[in-house]
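**Student:** Structure: data.tsv, TSV, C-alpha atoms.
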```tsv
chain	number	residue	atom	x	y	z
A	1	MET	CA	17.31	26.94	5.60
A	2	PHE	CA	18.20	24.24	8.11
A	3	ASP	CA	16.67	21.56	5.85
A	4	GLU	CA	18.69	22.82	2.88
A	5	GLU	CA	21.95	22.67	4.85
A	6	LYS	CA	21.08	19.21	6.14
A	7	ARG	CA	20.25	17.99	2.63
A	8	ASN	CA	23.51	19.26	1.15
A	9	LYS	CA	25.60	17.62	3.86
A	10	LYS	CA	27.07	14.34	2.58
A	11	ILE	CA	26.45	11.42	4.88
A	12	LEU	CA	27.32	8.53	2.55
A	13	THR	CA	29.29	8.13	-0.65
A	14	GLN	CA	27.50	6.76	-3.70
A	15	HIS	CA	29.08	3.33	-3.20
A	16	GLN	CA	28.13	3.20	0.49
A	17	ALA	CA	24.61	4.32	-0.38
A	18	GLN	CA	24.40	1.63	-3.08
A	19	LEU	CA	25.25	-1.11	-0.57
A	20	LYS	CA	22.94	0.29	2.07
A	21	ALA	CA	20.10	0.68	-0.46
A	22	GLU	CA	20.54	-2.94	-1.55
A	23	SER	CA	20.08	-4.04	2.06
A	24	TYR	CA	17.12	-1.69	2.39
A	25	CYS	CA	15.45	-3.26	-0.67
A	26	VAL	CA	16.27	-6.85	0.32
A	27	TYR	CA	14.55	-6.41	3.69
A	28	GLN	CA	11.17	-5.78	2.02
A	29	GLU	CA	9.76	-4.68	-1.33
A	30	ARG	CA	10.01	-0.92	-1.79
A	31	ALA	CA	8.50	1.68	-4.10
A	32	GLN	CA	10.97	3.68	-6.16
A	33	GLN	CA	9.83	6.86	-4.44
A	34	GLU	CA	10.55	5.40	-0.99
A	35	VAL	CA	14.09	4.48	-2.05
A	36	ARG	CA	14.59	7.85	-3.76
A	37	ASP	CA	13.56	9.69	-0.58
A	38	LYS	CA	15.84	7.49	1.52
A	39	LEU	CA	18.81	8.17	-0.80
A	40	TYR	CA	18.23	11.91	-0.56
A	41	SER	CA	18.09	11.62	3.23
A	42	TRP	CA	21.54	10.02	3.09
A	43	GLY	CA	22.91	13.17	1.46
A	44	LEU	CA	23.24	12.06	-2.16
A	45	ASN	CA	22.71	14.55	-4.97
A	46	GLU	CA	20.22	14.04	-7.80
A	47	GLU	CA	22.69	12.45	-10.23
A	48	GLU	CA	23.95	9.99	-7.60
A	49	VAL	CA	20.39	9.10	-6.60
A	50	GLU	CA	19.43	8.34	-10.19
A	51	ASN	CA	22.59	6.25	-10.68
A	52	VAL	CA	21.90	4.19	-7.56
A	53	LEU	CA	18.26	3.72	-8.57
A	54	ALA	CA	19.26	2.59	-12.06
A	55	ASN	CA	21.68	0.07	-10.54
A	56	LEU	CA	19.05	-1.22	-8.11
A	57	ILE	CA	16.57	-1.69	-10.94
A	58	SER	CA	19.07	-3.40	-13.27
A	59	ASP	CA	20.21	-5.73	-10.46
A	60	ASN	CA	16.53	-6.48	-9.69
A	61	PHE	CA	16.69	-5.18	-6.12
A	62	LEU	CA	13.95	-2.71	-7.03
A	63	ASN	CA	10.92	-3.72	-9.06
A	64	GLU	CA	7.84	-1.51	-8.98
A	65	GLU	CA	5.48	-4.25	-10.25
A	66	ARG	CA	6.69	-6.70	-7.63
A	67	PHE	CA	6.25	-4.00	-4.99
A	68	ALA	CA	2.70	-3.18	-6.10
A	69	ILE	CA	1.65	-6.85	-6.00
A	70	ALA	CA	3.27	-7.47	-2.60
A	71	TYR	CA	1.82	-4.27	-1.13
A	72	CYS	CA	-1.63	-5.06	-2.46
A	73	ASN	CA	-1.62	-8.62	-1.10
A	74	GLY	CA	-0.20	-7.53	2.25
A	75	LYS	CA	-2.72	-4.76	2.87
A	76	LEU	CA	-5.61	-6.97	1.78
A	77	ARG	CA	-4.69	-10.01	3.84
A	78	MET	CA	-3.06	-8.44	6.89
A	79	LYS	CA	-4.89	-5.12	7.27
A	80	GLY	CA	-8.19	-6.05	5.62
A	81	TRP	CA	-8.10	-3.11	3.23
A	82	GLY	CA	-10.28	-2.90	0.13
A	83	LYS	CA	-9.21	-1.95	-3.38
A	84	VAL	CA	-10.14	1.73	-3.00
A	85	LYS	CA	-7.89	2.26	0.04
A	86	ILE	CA	-5.06	0.18	-1.46
A	87	LYS	CA	-5.24	2.20	-4.68
A	88	GLN	CA	-5.03	5.50	-2.76
A	89	ALA	CA	-2.02	4.26	-0.80
A	90	LEU	CA	-0.23	3.07	-3.94
A	91	LYS	CA	-0.91	6.39	-5.66
A	92	ALA	CA	0.54	8.17	-2.63
A	93	LYS	CA	3.69	6.12	-3.20
A	94	ARG	CA	3.61	7.26	-6.85
A	95	VAL	CA	2.95	3.83	-8.34
A	96	SER	CA	1.55	4.06	-11.88
A	97	GLU	CA	-2.08	3.30	-12.68
A	98	GLN	CA	-1.00	0.49	-15.00
A	99	LEU	CA	0.93	-1.29	-12.22
A	100	ILE	CA	-1.99	-0.85	-9.83
A	101	LYS	CA	-4.25	-2.60	-12.36
A	102	ILE	CA	-1.72	-5.44	-12.69
A	103	ALA	CA	-1.62	-5.81	-8.90
A	104	PHE	CA	-5.42	-5.87	-8.67
A	105	LYS	CA	-5.59	-8.65	-11.28
A	106	GLN	CA	-3.63	-10.81	-8.82
A	107	ILE	CA	-6.39	-10.56	-6.20
A	108	ASP	CA	-8.58	-13.65	-5.92
A	109	LEU	CA	-12.16	-12.31	-5.95
A	110	ASP	CA	-13.45	-15.11	-3.72
A	111	GLU	CA	-10.80	-14.29	-1.13
A	112	TYR	CA	-11.61	-10.57	-1.46
A	113	GLU	CA	-15.30	-11.19	-0.79
A	114	GLN	CA	-14.42	-13.56	2.05
A	115	ILE	CA	-12.34	-10.83	3.73
A	116	LEU	CA	-15.21	-8.35	3.36
A	117	ASN	CA	-17.61	-10.95	4.82
A	118	HIS	CA	-15.29	-11.46	7.77
A	119	ILE	CA	-15.05	-7.70	8.40
A	120	VAL	CA	-18.83	-7.28	8.16
A	121	ASP	CA	-19.51	-10.23	10.48
A	122	LYS	CA	-17.00	-8.98	13.04
A	123	LYS	CA	-18.46	-5.46	13.00
A	124	LEU	CA	-22.02	-6.80	13.29
A	125	ARG	CA	-21.03	-8.64	16.47
A	126	GLU	CA	-19.47	-5.47	17.92
A	127	ILE	CA	-22.40	-3.14	17.23
A	128	SER	CA	-25.33	-3.26	19.57
A	129	GLY	CA	-28.40	-1.58	18.25
A	130	LYS	CA	-32.05	-2.30	17.94
A	131	ASN	CA	-32.72	-0.37	14.77
A	132	HIS	CA	-31.41	-2.55	11.95
A	133	TYR	CA	-31.05	0.48	9.62
A	134	THR	CA	-28.66	2.14	12.07
A	135	VAL	CA	-26.66	-1.06	12.46
A	136	LYS	CA	-26.56	-1.56	8.69
A	137	ASN	CA	-25.42	2.03	8.16
A	138	LYS	CA	-22.64	1.75	10.75
A	139	VAL	CA	-21.36	-1.48	9.20
A	140	TYR	CA	-21.60	0.07	5.72
A	141	GLN	CA	-19.61	3.14	6.81
A	142	PHE	CA	-16.99	0.96	8.46
A	143	ALA	CA	-16.52	-1.24	5.38
A	144	LEU	CA	-16.41	1.88	3.22
A	145	SER	CA	-13.68	3.35	5.44
A	146	ARG	CA	-11.71	0.13	4.94
A	147	GLY	CA	-11.76	0.81	1.20
A	148	PHE	CA	-14.31	-1.67	-0.07
A	149	GLU	CA	-16.56	-0.80	-2.99
A	150	SER	CA	-20.03	0.43	-2.14
A	151	ASP	CA	-21.95	-2.03	-4.37
A	152	LEU	CA	-20.02	-4.99	-2.95
A	153	ILE	CA	-20.76	-3.83	0.60
A	154	PHE	CA	-24.48	-3.52	-0.18
A	155	SER	CA	-24.66	-6.99	-1.70
A	156	THR	CA	-22.80	-8.43	1.30
A	157	LEU	CA	-25.08	-6.66	3.78
A	158	ASN	CA	-28.20	-7.71	1.89
A	159	SER	CA	-27.09	-11.34	2.02
A	160	LYS	CA	-26.95	-11.12	5.82
A	161	GLU	CA	-30.10	-11.49	7.86
A	162	LEU	CA	-30.31	-8.37	10.00
```
What do you get writing this file as structure tokens?

**Tutor:**
Amino acid sequence: MFDEEKRNKKILTQHQAQLKAESYCVYQERAQQEVRDKLYSWGLNEEEVENVLANLISDNFLNEERFAIAYCNGKLRMKGWGKVKIKQALKAKRVSEQLIKIAFKQIDLDEYEQILNHIVDKKLREISGKNHYTVKNKVYQFALSRGFESDLIFSTLNSKEL
């Protein structure tokens, strides 16, 4: 009941929310769902939220494709995430499958493999173990948890001399 009262309480007018949402979108690329949730948290009703979103899209403050590409590149380069983990995160933000495919087409495969190589090399240095199968399994599990594809991890590990 408290959440319902809080949600119905107006914090901003539609015009104020529009200006604030523009600043919110200028700061960094946002998914539509992120902006929608933020607008609801500011006390706007459904009609006002949809109006503000439509204005943001028409004024090019909000672009889901641009967001998907930026998010994908950022998570790959900065966090060292693989495609599987990036895809899950984008789906959690309700980005369409089609836009995810477009974002993945922007990834340079050489760079992708280079990032996986870097992650594998770094993990190999950290793990101390005599049994090379145990070491290989730990590195495999780590790369898998980072969201890299299993076949790519195997080929990378097999190219290393363990």

**Student:** Taking only C-alpha atoms into account, which of A:Lys75, A:Phe67, A:Ile86, A:Leu19 comes nearest Leu53 of chain A?

**Tutor:**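 Ranked by minimum distance to Leu53 of chain A, first place goes to A:Leu19.
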
**Student:** Considering only C-alpha atoms, return as a list in words whatever protein or nucleic-acid residues lie within 8 Å of segment 147-153 of chain A, sequence-local ones (same chain, fewer than 4 positions apart) excluded.

**Tutor:**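 Listing them by chain and then by number gives Trp81, Gly82, Lys83, Val84, Lys85, Ile86, Leu116, Tyr140, Ala143 and Leu157 of chain A.
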
**Student:** Please identify all polymer residues within 12 Å of Gln16 of chain A, counting only C-alpha atoms, omitting same-chain residues fewer than 3 positions from it, and present them as a PyMOL selection string.

**Tutor:** chain A and resi 10-13+19-23+39+42-44+48+52

**Student:** What is the atom CA of Glu111 of chain A to atom CA of Lys93 of chain A distance in Å?

**Tutor:**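 Atom CA of Glu111 of chain A sits 25.1 Å away from atom CA of Lys93 of chain A.
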
**Student:** May I have the residues within 12 Å of Asp121 of chain A as a list of chain:residue names, using all atoms listed in the file and disregarding those fewer than 2 positions away in the same chain?

**Tutor:**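 In the requested format, the answer is A:Gln114, A:Ile115, A:Leu116, A:Asn117, A:His118, A:Ile119, A:Lys123, A:Leu124, A:Arg125, A:Glu126, A:Ile127, A:Val135, A:Lys136, A:Val139, A:Tyr140, A:Phe142, A:Ala143, A:Ile153, A:Thr156, A:Leu157, A:Ser159, A:Lys160, A:Glu161, A:Leu162.
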
**Student:** So the first atom is atom CA of Asn51 of chain A and the second is atom CA of Gln18 of chain A; what is the distance between them in Å, to one decimal place?

**Tutor:**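 Result for atom CA of Asn51 of chain A versus atom CA of Gln18 of chain A: 9.1 Å, one decimal.
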
**Student:** In Å, with one decimal, what is the gap from atom CA of Arg94 of chain A to atom CA of Val35 of chain A?

**Tutor:**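 About the pair atom CA of Arg94 of chain A and atom CA of Val35 of chain A: they are 11.9 Å apart.
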
**Student:** For segment 79-95 of chain A, take all atoms listed in the file, fit an axis-aligned box around them, add 6 Å to each of the six sides, then output centre and edge lengths in Å rounded to one decimal, as JSON.

**Tutor:**
```
{"center_x": -3.3, "center_y": 1.1, "center_z": -0.5, "size_x": 26.0, "size_y": 26.2, "size_z": 27.6}
```

**Student:** Could you list, as a list in words, every residue within 12 Å of Ala70 of chain A, counting only C-alpha atoms and ignoring same-chain residues fewer than 2 positions away?

**Tutor:**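 Residues near the query, excluding close chain neighbours: Gln28, Glu29, Arg30, Ala31, Asn63, Glu64, Glu65, Arg66, Phe67, Ala68, Cys72, Asn73, Gly74, Lys75, Leu76, Arg77, Met78, Ile86, Leu90, Leu99, Ile100, Ile102, Ala103, Phe104, Gln106 and Ile107 of chain A.
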